[in-house]
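Have a look at the structure below before the remarks.
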Protein chains: 2
Amino acid sequence: MIERVQQVLNGDRRALARLLTHVENEREGVEQALAALFPYTGRAWVVGVTGAPGTGKSTLVNEMTKLYRAQGKTVAILAIDPTSPFTGGALLGDRVRMRDLSGDKGVFIRSMATRGSLGGLARAARDAIRVLDAGGFDVVLVETVGAGQNEVDIVRAADTTVVVEAPGMGDEVQAIKAGILEIADVLVVNKADRPGVNHTVRALKMMLEIGHPSSRSQLSAHHGRLLPAHEVAQDTQSHEAMWLPPIVQTVASEGKGVDQVVSAIADHRRFLEANDLRETVERQHIEVELYERLRDSLMARLLQDVPSSAIATMIEQIQAREIDPQNAVRQILAQVEG
Amino acid sequence: MIERVQQVLNGDRRALARLLTHVENEREGVEQALAALFPYTGRAWVVGVTGAPGTGKSTLVNEMTKLYRAQGKTVAILAIDPTSPFTGGALLGDRVRMRDLSGDKGVFIRSMATRGSLGGLARAARDAIRVLDAGGFDVVLVETVGAGQNEVDIVRAADTTVVVEAPGMGDEVQAIKAGILEIADVLVVNKADRPGVNHTVRALKMMLEIGHPSSRSQLSAHHGRLLPAHEVAQDTQSHEAMWLPPIVQTVASEGKGVDQVVSAIADHRRFLEANDLRETVERQHIEVELYERLRDSLMARLLQDVPSSAIATMIEQIQAREIDPQNAVRQILAQVEG
């Protein structure tokens, strides 16, 4: 697999596609390939685009891609469906619409759907983003359905997160339900030619006001989600610059307003870079990832040392109320040490 | 805190309330109290009630409680809001409506909102359910907003899970978005006097058909979510009984149809008990919990052995692309062993 790494770095699209398949299937040798690619990451600007089904995310991503191409930038699109296998496929179906882009060598499109655990998907997405980043794309657009914690985990790998709403999706703004408003760097109200658009924009503004500086310490949403408490306190003292997510209205199906989305992303990038915040954000992403990997590795090693029969016996004893779960953990760990 | 355990077991409600506060705040001594209570758990029937905001969950829980009381059963209500602090409080506000129940000694009401991590909330909820179970309530109703993986984790502690929908909440059935349909044992379409109710019921039926036996192996949703692959295969061969979630229409604000919800829960309980499935389900819950606790304990121990400066240095090296995350993990673990 290591020779494929060189091909990916050389811009070989078929090698790239094959490596992504290996990442998705967690094939043997992928770890080494990812380690070899890692020094070449951190160059692409990763944009997460999330929102409820029906908001027109795919159309928006499609149109954004055309604008980036017009700017001479290469674009990789990673479309992720973290919803259940029940609904799986809807997003993949949308990809058909994007065939008009796929004749362009400067565009690469890839879909990933839920297979095993949702945590596994977030990990695979992070690795896939790194592969695309190392593959030399200027922009990586990560499109995912907004439905809870999992796509929050997925967009956590993004430099700029775009949350898409649409009017008339129900009584409430979808992002609020899913708790994804807090991670938005740019808010888009798509289908802005529909009735109710003013209501949706007003609701978003209200939520931003509730969630923003005056009421929620002196921090941008971007800070709010990422800095640990002691760093937050420092930032408040230093009166650092703040990013207030702009609300952009679009009719993506007609290409209207999409240029403003692309501009807002560029503004956000400039804001992060001017305030040396990109590195702060990246450091926090790395910290989260390192802890997660440590946790997984520790558990894998424990399961090598403790026979599965011992764990099965412990589960039986807990079920019989002969031992409580926390003391069961103590006994298992004592076995490893002894 | 141990003397409080005896008071809780004796039915002392003030001791119960205080212990729940300690659980919520993860106070010292809580672990021993939970261990002491653990032998007295497993008696209550735990019913999870989840659904999007605005579906009328609180009113339904209110009316269900009255019916259980009429059957002579004691009821504890645990209302959990896993959504962000942005929206926090809505659920708690609803509790005011339930004051009419709180004069009844056979009813105990408690709210928990998000404080730290969502994972922490799921753990606190599981412990709170155990305290209420040991407190001697016949039924524990756990009410939570359905918005993603986190309330899926919370209702995982339930014996029966009720998913609440309402017509006119938007283009799509809310549960499908959040992926919570798969965990439903009973489906309720509340506000069934509203226009669009037939559409909602049809959509749910369609989703159940897609997700159920003929198309998705020979298993009920209940099995689908819980059994590991090898056990699923065995079950398919044994042609075990299947549970198809009934769809119940209610107008909870007028008490209409709520008796059918209570009956459906009783049917589900009889189904699980007749097929010895409650223990299978419980064993799987215990397994998940044990692994989670092992993971947390291993990590806590690692952080005792590895100085935080060593981890900070590693994060810097990763950010500088001098090492990749997986090799960083290997080096940290080697330090502990060396």
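By order in the structure tokens, chains are A, B, ...; within a chain, residues start at 1; ligands start at 1, following the order shown.
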Using only C-alpha atoms, which residues sit within 10 Å of Glu289 (chain B) once same-chain residues fewer than 3 positions away are excluded, as a VMD selection string? (chain A and resid 315 325 to 326) or (chain B and resid 123 126 157 283 to 286 292 to 295)
Applying 6 Å and only C-alpha atoms, which residues near region 47-57 of chain A remain after dropping the ones on its own chain fewer than 6 positions away? List them as number ranges by chain. A: 141-146, 155, 158-166
Residue with the minimum atom-to-atom distance to chain B, picked from A:Gly103, A:Pro195, A:Gly42, A:Pro245 with only C-alpha atoms counted, is A:Gly42
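Taking CA of Leu19 (chain A) and CA of Arg330 (chain B) as the two end points, the separation is 23.2 Å.
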Which is closer to chain A than all the others in B:Arg18, B:Arg130, B:Asp138, B:Val107, using only C-alpha atoms?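 Of the candidates, the smallest distance to chain A is held by B:Arg130.
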